[in-house]
Each structure stands twice: as structure tokens, then as C-alpha cells.
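Here's the structure, in C-alpha cells; my notes come after.
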Amino acid sequence: MANRTGASSWLRGTIVRKGGGSSMSSTRTSTPQIQSTSTTIFGGGVKDPSGRTSEYFSMDDQCPVCKSDRYLNPKLRLLVSACYHKMCESCIDRLFTLGPAPCPICNKTLRKLAFTPQTFEDLGVEKEVAVRRRIARDFNKRQDDFPDLRSYNDYLEEVEDIAFNLINDIDLPQTEARIVRYKQENAEVIQLNIQREEQYAQYLRELEEAERQEREQRALELRRAEEEEREEREKGRQELLDKLESSTKDASKLVARAKLEAQRRASARSSSSQFNGSSKDRGRVAQAVAVPDAPHIPLQDDWYAYEDKVTLRDNYDDPVSEAVRRDREGVMRAGGYFVEQAWERALRCAVAGLEIVPLQGLHATGSSMIITAPPSQDGDVVMA
């Protein structure tokens, strides 16, 4: 029973890091780590925040070329080619050491250094991640680079079409031609956005470094304050012992005075530390405010607001808002509400449709126009 349980855990796939231990090392101590048997250093793969390549492997892995599996070769390591077929390092060294050679599965010409570690269990996901990385390097326009939102959405749709074609191997020559044409037409914008991304990444690194230095400085100041407090406490204790030894005064009074002085020194230190912290916080807020941000000014075009049709008066006979106007304490008003704004909106809405010609019921007779309403049960109503 124990052997059966160990075999089931042995067959379970996991993810290990190149040059590191298994993510399930606490429960599977007998699982072999992936170790390279080739002299070639294969790059690529997805790296974690520490810079190490995350590499997937399973006990069911088998090389499709030599049919070697992990039971026969515990050090088996499969790599992914440019056509997204897996091969072990031994087959790669045997087939591609002398130069480019066709893939034994699809006959596509491959190079040895084009093989990369496998990061995801599904090779389809592996291919999509690689394709989108490649596309993102060149198709890096932002919404600010377009005159309107519709153009930006069309651009995003074009990018998705290109990515879909590359992922599913649809019209590859035409798609590659589109990519080359786009790179030639937008070379300056691509380079500019690359510089922007580098500047933003540099800004994030500098910000992270400043925060790290600030944390270290705070920790150093805290250790220094604790050391000073300990020294003052030891010094006060020694002074109290000397006074008790040499003075003729009441010992309880001397002890109470020493405690009072110690409390006074502690309160002075705490107030000083709070002042320094608040000044640093104000400095950080000032730096955050100093970040340039272009203001957004709406309605800069020739917006027609019916100024020639509306004349707003100071007061109207409005029974609906009478209670609100009598409310001097502002109990019935929400923040930023004014009755004048409601009046102005009602007037603008009232005159907004005066210039719209009705679709029916309009008859021209000479120089005058008669608008006839639909007939009702009581008869026709005519407005001249």
C-alpha cells in the first residue's frame, strides 16, 4: 500500500525552477530535479521576479523522437522548438549540433539555439505567449497616439487579428507582410514608445530604490533610537544609584524624580520622531503633487447652449422648489445643488426642440404654417 501511494505521488506532474528545487519538495523528496545534460545553455522561457526560469515537467514526459521517458532517464529534459514540438536535449545535440536541420516531426528548418524551456503544460499556451510577446514589441501604440477612441479600437482589433493568424497558422505570408509594412510605416512611433516604456521602467526602478533606501533609513533610525533609549535608561539608573548612595534625602522622592525625568525624556523623543515622520510624509506628498499632469479642459469646441433663446431670471413662480428655497439651513439640499441650475436645465430642455420640423401634421398655406394634431373623438384640434 505504501509503494502504491508513493507511485501515485511520483506520477503527479509539478513545476520546478531551473537551477532550483521543486515547488512540492516538502511532500516529494524523491522527485528528481531537472538537470541539463547538454553543454549548450538554452535561453528563453518565462522568468519569475527573482530572474529564474520557471520550467514545467511531468513524470509522464516522453521524447517523441527517441521515445525516452523519465523512468528510463531520470535526467530527461524536454525543450520546445520554434515549431512548438518537444525534444530531449540528447536528440537536440545529435540532430542540430552541426547546423540547421529539419524538424523530425514537421520538417521545418530549426536551429539548436532556438529551443527554449517549456513553461506551461499546454504548448498552445506556450505558443500564444510567445506570439503576443513578439507582437507587443512592435505594436506598442497607446490611446494617446490616436485622434479618437474608434481609431484606437480599430488598431486593437487589427492587432488581435494578426495575433490570431500567427497563433493558428492562418495566412502566415500575408500576416508577416502586414507586420513588416506596419513596422516600416510606424518606425518613429514604435521607437518613441519603446523609449517611453524604458523611461517609465527606469522611473519605477528609481522609485523602488528610493523606497528601499527609505525603509533602510527608517530601520537604522529606529535601531539608533532604541540604542539611545537604552543608554539613557542605563545612565539614569546609574545616576539614581549614585544619588541613593551619596544623598541624605528620602529615597522614595529620589526614585519618583528619576521616573519623572525618564518620562519627560521619552515624551520628548516621541514628539521629535513624530515631527520627523510628518515632515518626511509632507515631502513625499509634495513630490507626488509635483508630477506633471496636463489638465483636461472640456467643451472647447463651438458648443451651442441656446444662449439666444434663454434668459435666466433671478426668481420664478415655482411651487415645487419653494420648500427648498425657504430652507436656509440646507437640510433639504444635497451637496452642490442649486435651484437656479434646475431652472436653467428646464429652460434649455424646453427650447431644445423648437427648430426640429415635425414628421407629420405640418401644412404650408401661403406664408403661414398650420400644425394639425391627430383627430380625437371630440373632433379636430387645429393650432394656427
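If you're wondering about the labels, chains in the C-alpha cells are A, B, ... by order shown, residues count from 1 in each chain, ligands from 1 in order shown.
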Residue neighbourhood A:Arg178, 9 Å, only C-alpha atoms, exclusion window fewer than 5 positions, as a PyMOL selection string: chain A and resi 162+173+183
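Take atom CA of A:Gln62 and atom CA of A:Ala114: the distance between them is 20.2 Å.
Atom CA of A:Arg132 to atom CA of A:Leu156 spans 12.7 Å [interatomic distance, one decimal].
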Atom CA of A:Cys91 to atom CA of A:Lys127: how many Å, to one decimal? 21.4 Å
Spatial neighbours of A:Arg181, 12 Å, only C-alpha atoms, chain gap at least 6 places, as a ChimeraX atom specification: /A:138-139,174-175,187
Write a file of the selected residues as a PDB file, in the first residue's frame, keeping all heavy atoms.
```pdb
ATOM      1  N   ASP A 138       6.418  45.485 -31.148  1.00  0.00           N
ATOM      2  CA  ASP A 138       6.260  46.418 -32.267  1.00  0.00           C
ATOM      3  C   ASP A 138       4.923  47.159 -32.217  1.00  0.00           C
ATOM      4  O   ASP A 138       4.873  48.357 -32.479  1.00  0.00           O
ATOM      5  CB  ASP A 138       6.383  45.662 -33.594  1.00  0.00           C
ATOM      6  CG  ASP A 138       7.745  45.008 -33.757  1.00  0.00           C
ATOM      7  OD1 ASP A 138       8.744  45.599 -33.283  1.00  0.00           O
ATOM      8  OD2 ASP A 138       7.824  43.908 -34.342  1.00  0.00           O
ATOM      9  N   PHE A 139       3.855  46.472 -31.883  1.00  0.00           N
ATOM     10  CA  PHE A 139       2.541  47.114 -31.817  1.00  0.00           C
ATOM     11  C   PHE A 139       2.358  47.669 -30.404  1.00  0.00           C
ATOM     12  O   PHE A 139       1.626  47.111 -29.578  1.00  0.00           O
ATOM     13  CB  PHE A 139       1.449  46.105 -32.161  1.00  0.00           C
ATOM     14  CG  PHE A 139       1.451  45.677 -33.597  1.00  0.00           C
ATOM     15  CD1 PHE A 139       2.316  44.685 -34.042  1.00  0.00           C
ATOM     16  CD2 PHE A 139       0.609  46.280 -34.517  1.00  0.00           C
ATOM     17  CE1 PHE A 139       2.332  44.290 -35.363  1.00  0.00           C
ATOM     18  CE2 PHE A 139       0.615  45.887 -35.847  1.00  0.00           C
ATOM     19  CZ  PHE A 139       1.489  44.899 -36.276  1.00  0.00           C
ATOM     20  N   GLN A 174       0.966  36.541 -45.697  1.00  0.00           N
ATOM     21  CA  GLN A 174       0.291  37.838 -45.709  1.00  0.00           C
ATOM     22  C   GLN A 174       0.395  38.527 -44.350  1.00  0.00           C
ATOM     23  O   GLN A 174       0.565  39.752 -44.267  1.00  0.00           O
ATOM     24  CB  GLN A 174      -1.181  37.667 -46.087  1.00  0.00           C
ATOM     25  CG  GLN A 174      -1.414  37.199 -47.510  1.00  0.00           C
ATOM     26  CD  GLN A 174      -1.277  35.687 -47.654  1.00  0.00           C
ATOM     27  OE1 GLN A 174      -0.845  35.005 -46.732  1.00  0.00           O
ATOM     28  NE2 GLN A 174      -1.653  35.171 -48.828  1.00  0.00           N
ATOM     29  N   THR A 175       0.301  37.747 -43.269  1.00  0.00           N
ATOM     30  CA  THR A 175       0.389  38.339 -41.930  1.00  0.00           C
ATOM     31  C   THR A 175       1.776  38.891 -41.666  1.00  0.00           C
ATOM     32  O   THR A 175       1.936  39.987 -41.111  1.00  0.00           O
ATOM     33  CB  THR A 175       0.020  37.287 -40.875  1.00  0.00           C
ATOM     34  OG1 THR A 175      -1.282  36.751 -41.163  1.00  0.00           O
ATOM     35  CG2 THR A 175       0.011  37.900 -39.493  1.00  0.00           C
ATOM     36  N   ALA A 187       7.838  53.347 -37.760  1.00  0.00           N
ATOM     37  CA  ALA A 187       9.129  53.132 -37.094  1.00  0.00           C
ATOM     38  C   ALA A 187       9.386  54.190 -36.025  1.00  0.00           C
ATOM     39  O   ALA A 187       9.854  53.881 -34.920  1.00  0.00           O
ATOM     40  CB  ALA A 187      10.257  53.129 -38.127  1.00  0.00           C
TER      41      ALA A 187
END
```
Looking only at alpha helix (DSSP H) from DSSP on the backbone, list the matching residues of stretch 33-161 of chain A as a VMD selection string. chain A and resid 89 to 96 123 to 138 149 to 161
If you run DSSP on this backbone, which residues of stretch 25-200 of chain A come out as strand (DSSP E), and could you give them as a ChimeraX atom specification? /A:46-47,53-57,78-80,86-88,101-102,109-110,116-117
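The neighbours of A:Lys253 here are the residues that come within 12 Å of it, using only C-alpha atoms and leaving out any residue fewer than 5 positions away in the same chain; they are Leu240, Lys243, Leu244, Ser247, Thr248, Ala258, Lys259 and Leu260 of chain A.
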Could you pull the residues within 8 Å of A:Leu110, counting only C-alpha atoms, minus those fewer than 2 positions along the same chain, as a PyMOL selection string? chain A and resi 81-82+96+100-103+108+112+114
Stretch 264-266 of chain A surroundings by only C-alpha atoms, 10 Å radius, close-in-sequence under 5 positions cut, as a PyMOL selection string: chain A and resi 229+232-233+258-259+271-272
Residue contacts of stretch 164-168 of chain A (9 Å, only C-alpha atoms) excluding same-chain residues fewer than 2 positions away, as a VMD selection string: chain A and resid 124 127 to 128 131 to 132 159 to 162 170 to 172 175 to 176
Once you have the residues from the selection above, write them out as a short mmCIF file (atom, residue, chain, number, x, y, z; two decimals), in the first residue's frame, restricted to N, CA and C atoms.
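Result file again15.cif:
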```cif
data_model
loop_
_atom_site.label_atom_id
_atom_site.label_comp_id
_atom_site.auth_asym_id
_atom_site.auth_seq_id
_atom_site.Cartn_x
_atom_site.Cartn_y
_atom_site.Cartn_z
N GLY A 124 0.00 25.01 -26.63
CA GLY A 124 -0.77 26.07 -27.26
C GLY A 124 -0.65 27.38 -26.50
N LYS A 127 2.81 28.79 -27.14
CA LYS A 127 2.91 29.49 -28.42
C LYS A 127 2.21 30.84 -28.37
N GLU A 128 1.05 30.91 -27.75
CA GLU A 128 0.33 32.18 -27.69
C GLU A 128 1.10 33.23 -26.89
N VAL A 131 3.94 34.46 -29.12
CA VAL A 131 3.45 35.31 -30.22
C VAL A 131 3.06 36.69 -29.70
N ARG A 132 2.35 36.74 -28.59
CA ARG A 132 1.92 38.03 -28.05
C ARG A 132 3.11 38.84 -27.54
N VAL A 159 -4.52 44.32 -34.26
CA VAL A 159 -3.50 43.57 -33.51
C VAL A 159 -4.01 42.18 -33.15
N GLU A 160 -5.27 42.08 -32.72
CA GLU A 160 -5.82 40.78 -32.38
C GLU A 160 -5.94 39.88 -33.61
N ASP A 161 -6.26 40.46 -34.77
CA ASP A 161 -6.31 39.67 -36.00
C ASP A 161 -4.94 39.10 -36.34
N ILE A 162 -3.91 39.92 -36.22
CA ILE A 162 -2.55 39.45 -36.51
C ILE A 162 -2.14 38.36 -35.54
N ILE A 170 -2.61 30.90 -39.83
CA ILE A 170 -3.54 31.29 -40.89
C ILE A 170 -2.91 32.42 -41.71
N ASP A 171 -2.77 32.21 -43.00
CA ASP A 171 -2.24 33.24 -43.92
C ASP A 171 -0.94 33.83 -43.38
N LEU A 172 0.02 32.98 -43.09
CA LEU A 172 1.27 33.44 -42.48
C LEU A 172 2.05 34.39 -43.38
N THR A 175 0.30 37.75 -43.27
CA THR A 175 0.39 38.34 -41.93
C THR A 175 1.78 38.89 -41.67
N GLU A 176 2.81 38.15 -42.06
CA GLU A 176 4.17 38.65 -41.88
C GLU A 176 4.39 39.91 -42.72
#
```
